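Participant: Sharing a structure below in structure tokens format, with a few things to ask.
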Amino acid sequence: MAYTRTNYKTKKALHEAVALSDVPVYQPGPFGPAVANGSTAIEGPHYPEPHKWYADVLVVHGVIPRGSKVL
């Protein structure tokens with residue numbers, strides 16, 4: 001699972017941010033420093049808070065492109 005650089009508290013907040021601009025993503029831990037290209041799952045809010053939402057997104061060059069669908 002990956003995270004967005006900004007700690008969005010809700011999936012709706014992520015959706016609103018993607019509507020306005022590119023949103024950078026990263027993969028914590030030993031699984032790699034970043035998500036480069038392709039479909040991935042995003043979770044939030046960030047650890048240590050319990051995850052309350054999950055989203056499937058398309059990542060291009062390490063960002064969720066502006067206007068992309070957040071499912």
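Order determines the names: the first chain of the structure tokens is A, the second B, and so forth; residues in each chain are numbered 1 upward, and ligands are numbered 1 upward as they are shown.
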Env of region 45-48 of chain A: 7 Å cut, atoms = only C-alpha atoms, seq-sep filter 6 positions within chain, self excluded. Answer as an NGL selection string.

Facilitator: :A and (7-9)

Participant: Next, write the just-selected residues to a file, as an mmCIF file, in the first residue's frame, keeping all heavy atoms as the atom set.

Facilitator:
```
data_model
loop_
_atom_site.group_PDB
_atom_site.id
_atom_site.type_symbol
_atom_site.label_atom_id
_atom_site.label_comp_id
_atom_site.auth_asym_id
_atom_site.auth_seq_id
_atom_site.Cartn_x
_atom_site.Cartn_y
_atom_site.Cartn_z
ATOM 1 N N ASN A 7 -1.167 14.189 4.219
ATOM 2 C CA ASN A 7 -1.960 13.253 5.012
ATOM 3 C C ASN A 7 -3.445 13.624 4.940
ATOM 4 O O ASN A 7 -3.960 14.327 5.811
ATOM 5 C CB ASN A 7 -1.470 13.256 6.460
ATOM 6 C CG ASN A 7 -2.122 12.175 7.287
ATOM 7 O OD1 ASN A 7 -2.770 11.276 6.769
ATOM 8 N ND2 ASN A 7 -1.949 12.265 8.580
ATOM 9 N N TYR A 8 -4.123 13.148 3.894
ATOM 10 C CA TYR A 8 -5.555 13.435 3.740
ATOM 11 C C TYR A 8 -6.343 12.601 4.735
ATOM 12 O O TYR A 8 -6.164 11.392 4.824
ATOM 13 C CB TYR A 8 -6.017 13.148 2.315
ATOM 14 C CG TYR A 8 -5.327 14.025 1.300
ATOM 15 C CD1 TYR A 8 -4.318 13.527 0.497
ATOM 16 C CD2 TYR A 8 -5.667 15.360 1.185
ATOM 17 C CE1 TYR A 8 -3.668 14.333 -0.414
ATOM 18 C CE2 TYR A 8 -5.024 16.181 0.282
ATOM 19 C CZ TYR A 8 -4.026 15.662 -0.515
ATOM 20 O OH TYR A 8 -3.378 16.470 -1.413
ATOM 21 N N LYS A 9 -7.213 13.245 5.486
ATOM 22 C CA LYS A 9 -7.982 12.566 6.520
ATOM 23 C C LYS A 9 -9.148 11.770 5.941
ATOM 24 O O LYS A 9 -9.628 10.830 6.563
ATOM 25 C CB LYS A 9 -8.510 13.563 7.554
ATOM 26 C CG LYS A 9 -7.406 14.339 8.251
ATOM 27 C CD LYS A 9 -6.528 13.428 9.068
ATOM 28 C CE LYS A 9 -5.458 14.233 9.789
ATOM 29 N NZ LYS A 9 -4.521 13.413 10.494
#
```

Participant: Extract, using only C-alpha atoms, all DNA, RNA and protein residues at most 7 Å from Pro24 (chain A), discarding same-chain residues fewer than 4 positions from it, and format them as a list in words.

Facilitator: Thr4, Arg5, Gly62, Val63 and Ile64 of chain A

Participant: Set the distance at 7 Å and use only C-alpha atoms: which residues neighbour Trp53 (chain A) once local chain neighbours fewer than 2 positions away are removed? I'd like the list as a list of chain:residue names.

Facilitator: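 Everything that qualifies: A:Thr10, A:Lys11, A:Glu43, A:Gly44, A:His51, A:Ala55.
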
Participant: Hey, can you check how far CA of Glu16 (chain A) sits from CA of Pro28 (chain A)?

Facilitator: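 Straight-line distance from CA of Glu16 (chain A) to CA of Pro28 (chain A) works out to 23.6 Å.
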
Participant: Give the strand (DSSP E or B) residues of chain A, as DSSP finds them on the backbone, and put them as an NGL selection string.

Facilitator: :A and (2-4 or 23-26 or 37-44 or 53-60 or 63-64)

Participant: Give me, as a list of chain:residue names, all polymer residues having an atom no more than 12 Å from Val70 (chain A), counting only C-alpha atoms and skipping those fewer than 5 positions away in the same chain.

Facilitator: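 Counting only C-alpha atoms, the residues come to A:Thr10, A:Lys11, A:Lys12, A:Ala13, A:Leu14, A:His15, A:Glu16, A:Ala17, A:Val18, A:Ala19, A:Val23, A:Ser39, A:Thr40, A:Ala41, A:Ile42, A:Glu43, A:Trp53, A:Tyr54, A:Ala55, A:Asp56, A:Val57, A:Leu58, A:Val59, A:Ile64, A:Pro65.
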
Participant: Would you please give, as a ChimeraX atom specification, all residues of chain A that DSSP assigns to helix (DSSP H, G or I) based on the backbone?

Facilitator: /A:11-20,29-31

Participant: For N, CA and C atoms, I'd like the residues from the last selection saved as a compact mmCIF listing (two decimals), in the first residue's frame.

Facilitator:
```txt
# COMPACT_ATOMS: atom_id res chain seq x y z
N LYS A 11 -11.14 10.24 2.07
CA LYS A 11 -11.02 9.95 0.64
C LYS A 11 -11.57 11.13 -0.17
N LYS A 12 -12.58 11.77 0.36
CA LYS A 12 -13.17 12.94 -0.30
C LYS A 12 -12.13 14.05 -0.42
N ALA A 13 -11.32 14.26 0.62
CA ALA A 13 -10.28 15.28 0.58
C ALA A 13 -9.24 14.95 -0.49
N LEU A 14 -8.88 13.67 -0.62
CA LEU A 14 -7.96 13.25 -1.68
C LEU A 14 -8.57 13.51 -3.04
N HIS A 15 -9.82 13.15 -3.21
CA HIS A 15 -10.52 13.35 -4.48
C HIS A 15 -10.53 14.83 -4.86
N GLU A 16 -10.80 15.70 -3.90
CA GLU A 16 -10.82 17.15 -4.15
C GLU A 16 -9.42 17.66 -4.52
N ALA A 17 -8.38 17.14 -3.87
CA ALA A 17 -7.02 17.57 -4.17
C ALA A 17 -6.60 17.14 -5.58
N VAL A 18 -6.97 15.94 -5.99
CA VAL A 18 -6.63 15.44 -7.33
C VAL A 18 -7.36 16.25 -8.40
N ALA A 19 -8.53 16.76 -8.09
CA ALA A 19 -9.27 17.59 -9.04
C ALA A 19 -8.53 18.90 -9.33
N LEU A 20 -7.71 19.36 -8.37
CA LEU A 20 -7.03 20.64 -8.50
C LEU A 20 -5.58 20.54 -8.98
N GLY A 29 8.76 2.06 3.85
CA GLY A 29 9.34 0.79 4.26
C GLY A 29 10.22 0.13 3.23
N PRO A 30 10.43 -1.18 3.37
CA PRO A 30 11.36 -1.91 2.51
C PRO A 30 10.80 -2.24 1.12
N PHE A 31 9.61 -1.76 0.80
CA PHE A 31 8.98 -2.10 -0.47
C PHE A 31 9.37 -1.17 -1.60
```

Participant: Go through A:Pro50, A:Val60, A:Gly67, A:Thr6 one by one, measure the shortest atom-to-atom distance of each to Gly38 (chain A) using only C-alpha atoms, and give the residue with the smallest value.

Facilitator: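 Using only C-alpha atoms, Gly38 (chain A) sits closest to A:Val60.
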